[in-house]
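Below: one structure, written as structure tokens.
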Amino acid sequence: MLRAITLRQLIAHAPRSISSCRHLGTLIIAEHEGGSLSGTSLSSIEAASKLLCKDDNSLSLLLAGTGPSLQEAATNAASCHPCISQVLVADSDKFKHTLAEPWAKLIHLVQQKHEYSHIVTASSSFGKNILPRAAALLDVSPITDVIEISEPRTFVRPIYAGNALCTIRYTGSNPCMLTIRSTSFPASASPDSKTNAAPIHQVDLSSFGEEGSCRFVKQSSQESERPDLGSARVVITGGRALKSAENFKIVEKLAEKLGAAVGATRAAVDAGYVPNELQVGQTGKIVAPQLYMAFGVSGAIQHIAGMRDSKVIVAVNKDADAPIFQVADYGLVGDLFDIIPELIEKLPEKK
């Protein structure tokens with residue numbers, strides 16, 4: 001005698017090898033500026049593509065904001081990766097600034113309609129601000145700082161400031177929400193452009209509701225011609241040994257000579273030498289440049305966690321026993337106030 005069962009019951013009793021490949025689509029929460037996706041969002045797409053099963057290209061990209069730059073970013077996003085199946089656009093003044101409250105409500109609204117199996121964003125200030133609140137609205141536990149995707153529900157993330165790696169299997173309900181470390185999922189240098197761009201759909205905001213209690217006050221940022229710290233090929237970092245904000249300018253001068261980004265340790269930031277947006281480390285930015293030069297950096301475990309994936313690490317410190325030398329490819333024991341001026345003098349001007 002045959003007994004009728006639901007699709008949910010069938011999936012529950014299916015072998016793990018089959019159920020693990022069942023995919024309802026992935027939503028990528030993307031950040032844009034000046035009509036283009038951010039580098040971290042491109043890394044999110046690269047990571048999300050690893051969640052797909054064979055012949056599956058059901059990646060949706062969510063963009064929000066207002067004005068012509070949003071529409072330009074949507075057009076660029078529609079053809080940025082062959083796995084993008086659609087671009088969802090939420091055009092409203094509510095998203096003019098990246099406040100967590102309206103963005104979380106937007107993610108909740110989109111998830112209720114499309115029922116994605118995964119929601120992915122970068123582990124940047126943007127993603128860290130938005131995803132936890134959205135996860136709370138959806139009543140799921142997010143997995144943060146993912147550096148490897150083994151299976152659609154199995155992930156690897158660092159713990160103990162990067163000194164150990166933890167493998168996690170997500171057993172909760174949909175959606176599985178992730179933040180990924182962009183340095184672990186580098187976007188292709190020259191991604192294949194799609195012959196046909198993905199369709200762009202407007203998100204229906206008629207049921208979005210009233211604005212919440214959060215209000216945008218102001219945004220302060222320093223204008224600089226130097227590369228962005230998170231995506232620069234060369235990073236020059238200074239530590240507390242520089243002793244003052246005035247002395248820190250020699251690090252900035254060296255960075256200008258090399259066309260590099262400037263970073264700092266938490267101690268240097270706390271001492272007021274530079275703004276906190278330049279902090280590299282566990283509580284700052286995670287970087288993985290081709291060349292990382294550390295001057296007067298002792299090598300605290302929290303700082304190492306933010307730069308240990310750099311391709312080549314050069315350390316300069318007066319203390320021969322400084323922990324930074326344990327992770328450095330090249331080390332020089334000496335006074336940075338003698339070494340940096342000599343480097344500036346002998347290095348050729350950038351072209």
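Letters A, B, ... go to the chains of the structure tokens in the order shown; residues in each chain start at 1; ligands are counted from 1 in the same order.
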Discussion item. Which of segment 21-154 of chain A end up as alpha helix (DSSP H) when DSSP is run on this backbone - answer as a VMD selection string?
Written reply: chain A and resid 39 to 49 68 to 77 100 to 114 125 to 138
Write out as a compact mmCIF listing (two decimals) with N, CA, C and O atoms, in the first residue's frame which residues come within 12 Å of Asn276 of chain A when counting only C-alpha atoms, dropping same-chain ones fewer than 3 positions away.
```txt
# COMPACT_ATOMS: atom_id res chain seq x y z
N SER A 220 32.07 60.79 8.42
CA SER A 220 33.36 61.47 8.34
C SER A 220 34.38 60.54 7.69
O SER A 220 34.52 59.38 8.10
N SER A 221 35.05 61.01 6.68
CA SER A 221 36.08 60.22 6.02
C SER A 221 37.16 61.15 5.51
O SER A 221 36.91 62.32 5.21
N GLN A 222 38.38 60.62 5.43
CA GLN A 222 39.51 61.42 4.96
C GLN A 222 39.73 61.15 3.48
O GLN A 222 39.84 60.00 3.05
N LEU A 229 42.78 50.49 1.82
CA LEU A 229 43.53 49.57 2.67
C LEU A 229 43.11 48.12 2.46
O LEU A 229 43.95 47.21 2.43
N VAL A 262 48.18 52.80 3.76
CA VAL A 262 48.74 52.95 5.10
C VAL A 262 47.86 52.20 6.10
O VAL A 262 46.63 52.32 6.07
N GLY A 263 48.51 51.44 6.97
CA GLY A 263 47.80 50.74 8.04
C GLY A 263 48.42 51.09 9.37
O GLY A 263 49.46 51.75 9.45
N ALA A 264 47.77 50.65 10.45
CA ALA A 264 48.28 50.93 11.79
C ALA A 264 47.83 49.84 12.74
O ALA A 264 46.84 49.14 12.49
N THR A 265 48.56 49.69 13.82
CA THR A 265 48.16 48.75 14.86
C THR A 265 47.09 49.39 15.74
O THR A 265 46.88 50.61 15.70
N ARG A 266 46.45 48.59 16.56
CA ARG A 266 45.44 49.12 17.46
C ARG A 266 46.07 50.09 18.46
O ARG A 266 45.47 51.12 18.81
N ALA A 267 47.28 49.78 18.89
CA ALA A 267 47.95 50.66 19.86
C ALA A 267 48.19 52.04 19.26
O ALA A 267 48.01 53.06 19.92
N ALA A 268 48.57 52.09 17.98
CA ALA A 268 48.80 53.38 17.31
C ALA A 268 47.49 54.15 17.14
O ALA A 268 47.46 55.37 17.28
N VAL A 269 46.43 53.42 16.84
CA VAL A 269 45.11 54.05 16.70
C VAL A 269 44.62 54.58 18.04
O VAL A 269 44.15 55.72 18.15
N ASP A 270 44.74 53.76 19.07
CA ASP A 270 44.29 54.18 20.41
C ASP A 270 45.08 55.38 20.92
O ASP A 270 44.55 56.20 21.69
N ALA A 271 46.33 55.49 20.49
CA ALA A 271 47.16 56.60 20.91
C ALA A 271 46.85 57.87 20.12
O ALA A 271 47.39 58.94 20.44
N GLY A 272 46.00 57.75 19.10
CA GLY A 272 45.59 58.92 18.34
C GLY A 272 46.52 59.30 17.20
O GLY A 272 46.41 60.41 16.66
N TYR A 273 47.43 58.39 16.82
CA TYR A 273 48.35 58.72 15.73
C TYR A 273 47.62 58.82 14.39
O TYR A 273 47.96 59.67 13.55
N GLN A 279 43.10 50.87 11.05
CA GLN A 279 43.53 49.78 11.93
C GLN A 279 43.49 48.44 11.23
O GLN A 279 42.51 48.07 10.59
N VAL A 280 44.59 47.70 11.34
CA VAL A 280 44.69 46.34 10.80
C VAL A 280 44.71 45.37 11.97
O VAL A 280 45.46 45.56 12.93
N GLY A 281 43.89 44.33 11.89
CA GLY A 281 43.89 43.34 12.97
C GLY A 281 42.53 42.72 13.17
O GLY A 281 41.59 42.94 12.41
N THR A 283 40.20 43.30 15.27
CA THR A 283 39.11 44.25 15.47
C THR A 283 39.18 45.40 14.46
O THR A 283 38.47 46.39 14.61
N GLY A 284 40.04 45.27 13.46
CA GLY A 284 40.15 46.25 12.41
C GLY A 284 39.88 45.61 11.06
O GLY A 284 38.96 44.82 10.91
N LYS A 285 40.72 45.93 10.09
CA LYS A 285 40.55 45.38 8.74
C LYS A 285 41.45 44.16 8.56
O LYS A 285 42.56 44.10 9.07
```
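The residue that comes closest to Val140 of chain A, out of A:Thr154, A:Leu343, A:Ile119, A:Pro175 and on the basis of only C-alpha atoms, is A:Pro175.
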Discussion item. Please list as a VMD selection string every residue within 10 Å of Leu70 of chain A, counting only C-alpha atoms and excluding residues in the same chain fewer than 3 positions away.
Written reply: chain A and resid 32 to 37 63 to 67 73 to 76 89 to 91 96
Glu349 of chain A surroundings by only C-alpha atoms, 12 Å radius, close-in-sequence under 6 positions cut, as a short mmCIF file (atom, residue, chain, number, x, y, z; two decimals) with N, CA, C and O atoms, in the first residue's frame:
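Written output follows (out.cif):
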```cif
data_model
loop_
_atom_site.label_atom_id
_atom_site.label_comp_id
_atom_site.auth_asym_id
_atom_site.auth_seq_id
_atom_site.Cartn_x
_atom_site.Cartn_y
_atom_site.Cartn_z
N LYS A 253 54.78 58.98 4.12
CA LYS A 253 55.67 59.42 3.05
C LYS A 253 56.23 58.22 2.29
O LYS A 253 56.33 58.24 1.05
N LEU A 254 56.59 57.18 3.02
CA LEU A 254 57.08 55.95 2.38
C LEU A 254 55.97 55.31 1.55
O LEU A 254 56.22 54.81 0.45
N ALA A 255 54.76 55.33 2.09
CA ALA A 255 53.62 54.76 1.36
C ALA A 255 53.38 55.51 0.04
O ALA A 255 53.10 54.89 -0.99
N GLU A 256 53.51 56.82 0.07
CA GLU A 256 53.35 57.60 -1.15
C GLU A 256 54.42 57.26 -2.17
O GLU A 256 54.17 57.19 -3.37
N LYS A 257 55.63 57.01 -1.69
CA LYS A 257 56.74 56.66 -2.58
C LYS A 257 56.48 55.32 -3.27
O LYS A 257 56.85 55.12 -4.43
N LEU A 258 55.82 54.39 -2.57
CA LEU A 258 55.56 53.05 -3.10
C LEU A 258 54.16 52.91 -3.70
O LEU A 258 53.82 51.85 -4.22
N GLY A 259 53.34 53.95 -3.60
CA GLY A 259 51.96 53.83 -4.06
C GLY A 259 51.18 52.83 -3.23
O GLY A 259 50.36 52.07 -3.73
N LEU A 343 65.20 54.26 3.18
CA LEU A 343 64.36 53.64 2.14
C LEU A 343 63.77 54.71 1.23
O LEU A 343 63.76 54.56 0.00
#
```
Item to complete: Fewer than 2 positions away in the same chain doesn't count, so skip those; otherwise give me all residues within 8 Å of Gly238 of chain A, counting only C-alpha atoms, as a ChimeraX atom specification.
Response: /A:236,240-242,248,251,263-265,268,294-297
Item to complete: Work out how far apart atom CA of Thr121 of chain A and atom CA of Leu278 of chain A are and give it in Å to one decimal.
Response: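 Separating atom CA of Thr121 of chain A from atom CA of Leu278 of chain A is a distance of 21.6 Å.
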Worksheet item: How many Å lie between atom CA of Asn163 of chain A and atom CA of Val314 of chain A, rounded to one decimal?
Response: 20.3 Å
Item to complete: Could you please write out, as a list in words, every residue of segment 254-293 of chain A that DSSP assigns to strand (DSSP E or B)?
Response: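 Reading the DSSP output for segment 254-293 of chain A, strand (DSSP E or B) covers Ala261, Val262, Gly263, Ala264, Gln279, Val280, Lys285, Leu291, Tyr292 and Met293 of chain A.
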How would the residues just picked look written out with N, CA, C and O atoms as a tab-separated table (two decimals), in the first residue's frame?
```
chain	number	residue	atom	x	y	z
A	261	ALA	N	49.02	51.55	0.49
A	261	ALA	CA	48.05	51.96	1.50
A	261	ALA	C	48.74	52.02	2.86
A	261	ALA	O	49.76	51.36	3.08
A	262	VAL	N	48.18	52.80	3.76
A	262	VAL	CA	48.74	52.95	5.10
A	262	VAL	C	47.86	52.20	6.10
A	262	VAL	O	46.63	52.32	6.07
A	263	GLY	N	48.51	51.44	6.97
A	263	GLY	CA	47.80	50.74	8.04
A	263	GLY	C	48.42	51.09	9.37
A	263	GLY	O	49.46	51.75	9.45
A	264	ALA	N	47.77	50.65	10.45
A	264	ALA	CA	48.28	50.93	11.79
A	264	ALA	C	47.83	49.84	12.74
A	264	ALA	O	46.84	49.14	12.49
A	279	GLN	N	43.10	50.87	11.05
A	279	GLN	CA	43.53	49.78	11.93
A	279	GLN	C	43.49	48.44	11.23
A	279	GLN	O	42.51	48.07	10.59
A	280	VAL	N	44.59	47.70	11.34
A	280	VAL	CA	44.69	46.34	10.80
A	280	VAL	C	44.71	45.37	11.97
A	280	VAL	O	45.46	45.56	12.93
A	285	LYS	N	40.72	45.93	10.09
A	285	LYS	CA	40.55	45.38	8.74
A	285	LYS	C	41.45	44.16	8.56
A	285	LYS	O	42.56	44.10	9.07
A	291	LEU	N	52.49	42.64	-0.69
A	291	LEU	CA	53.60	43.02	0.18
A	291	LEU	C	53.07	43.76	1.40
A	291	LEU	O	52.33	44.73	1.26
A	292	TYR	N	53.47	43.29	2.58
A	292	TYR	CA	53.07	43.93	3.84
A	292	TYR	C	54.33	44.30	4.59
A	292	TYR	O	55.14	43.44	4.94
A	293	MET	N	54.52	45.61	4.83
A	293	MET	CA	55.71	46.09	5.54
A	293	MET	C	55.28	46.65	6.89
A	293	MET	O	54.43	47.55	6.96
```
Worksheet entry | Of the listed residues A:Leu99, A:Cys80, A:Ala322, A:Val110, that which approaches His201 of chain A most closely, counting only C-alpha atoms |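 Counting only C-alpha atoms, the residue closest to His201 of chain A is A:Val110.
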Discussion item. Could you list, as a PyMOL selection string, every residue within 8 Å of Leu51 of chain A, counting only C-alpha atoms and ignoring same-chain residues fewer than 4 positions away?
Written reply: chain A and resi 47+149+151-152
Worksheet entry | Minimum-distance residue to Asn196 of chain A, chosen among A:Ser79, A:Ser125, A:Gln282, A:Thr167 (using only C-alpha atoms) |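 Looking at the shortest contact to Asn196 of chain A, the residue is A:Ser79.
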Worksheet item: Which residues come within 8 Å of Leu62 of chain A, counting only C-alpha atoms, excluding same-chain residues fewer than 6 positions away, as a list in words?
Response: Leu27, Ile28, Ile29, Ala30, Val87, Leu88, Val89 and Ala90 of chain A
Write the residues of the selection above to a file with N, CA and C atoms, as a PDB file, in the first residue's frame.
```
ATOM      1  N   LEU A  27      21.314  34.393  -1.990  1.00  0.00           N
ATOM      2  CA  LEU A  27      21.194  35.844  -2.083  1.00  0.00           C
ATOM      3  C   LEU A  27      22.499  36.468  -1.603  1.00  0.00           C
ATOM      4  N   ILE A  28      23.057  37.337  -2.427  1.00  0.00           N
ATOM      5  CA  ILE A  28      24.286  38.054  -2.085  1.00  0.00           C
ATOM      6  C   ILE A  28      23.926  39.497  -1.745  1.00  0.00           C
ATOM      7  N   ILE A  29      24.292  39.923  -0.559  1.00  0.00           N
ATOM      8  CA  ILE A  29      24.070  41.311  -0.150  1.00  0.00           C
ATOM      9  C   ILE A  29      25.299  42.106  -0.585  1.00  0.00           C
ATOM     10  N   ALA A  30      25.118  42.996  -1.549  1.00  0.00           N
ATOM     11  CA  ALA A  30      26.260  43.673  -2.165  1.00  0.00           C
ATOM     12  C   ALA A  30      26.322  45.143  -1.779  1.00  0.00           C
ATOM     13  N   VAL A  87      19.410  40.434 -10.642  1.00  0.00           N
ATOM     14  CA  VAL A  87      19.822  41.512  -9.749  1.00  0.00           C
ATOM     15  C   VAL A  87      18.562  42.161  -9.193  1.00  0.00           C
ATOM     16  N   LEU A  88      18.462  42.199  -7.874  1.00  0.00           N
ATOM     17  CA  LEU A  88      17.319  42.817  -7.201  1.00  0.00           C
ATOM     18  C   LEU A  88      17.720  44.213  -6.746  1.00  0.00           C
ATOM     19  N   VAL A  89      16.907  45.195  -7.073  1.00  0.00           N
ATOM     20  CA  VAL A  89      17.231  46.583  -6.776  1.00  0.00           C
ATOM     21  C   VAL A  89      16.146  47.188  -5.890  1.00  0.00           C
ATOM     22  N   ALA A  90      16.562  47.728  -4.750  1.00  0.00           N
ATOM     23  CA  ALA A  90      15.647  48.444  -3.852  1.00  0.00           C
ATOM     24  C   ALA A  90      16.016  49.920  -3.906  1.00  0.00           C
TER      25      ALA A  90
END
```
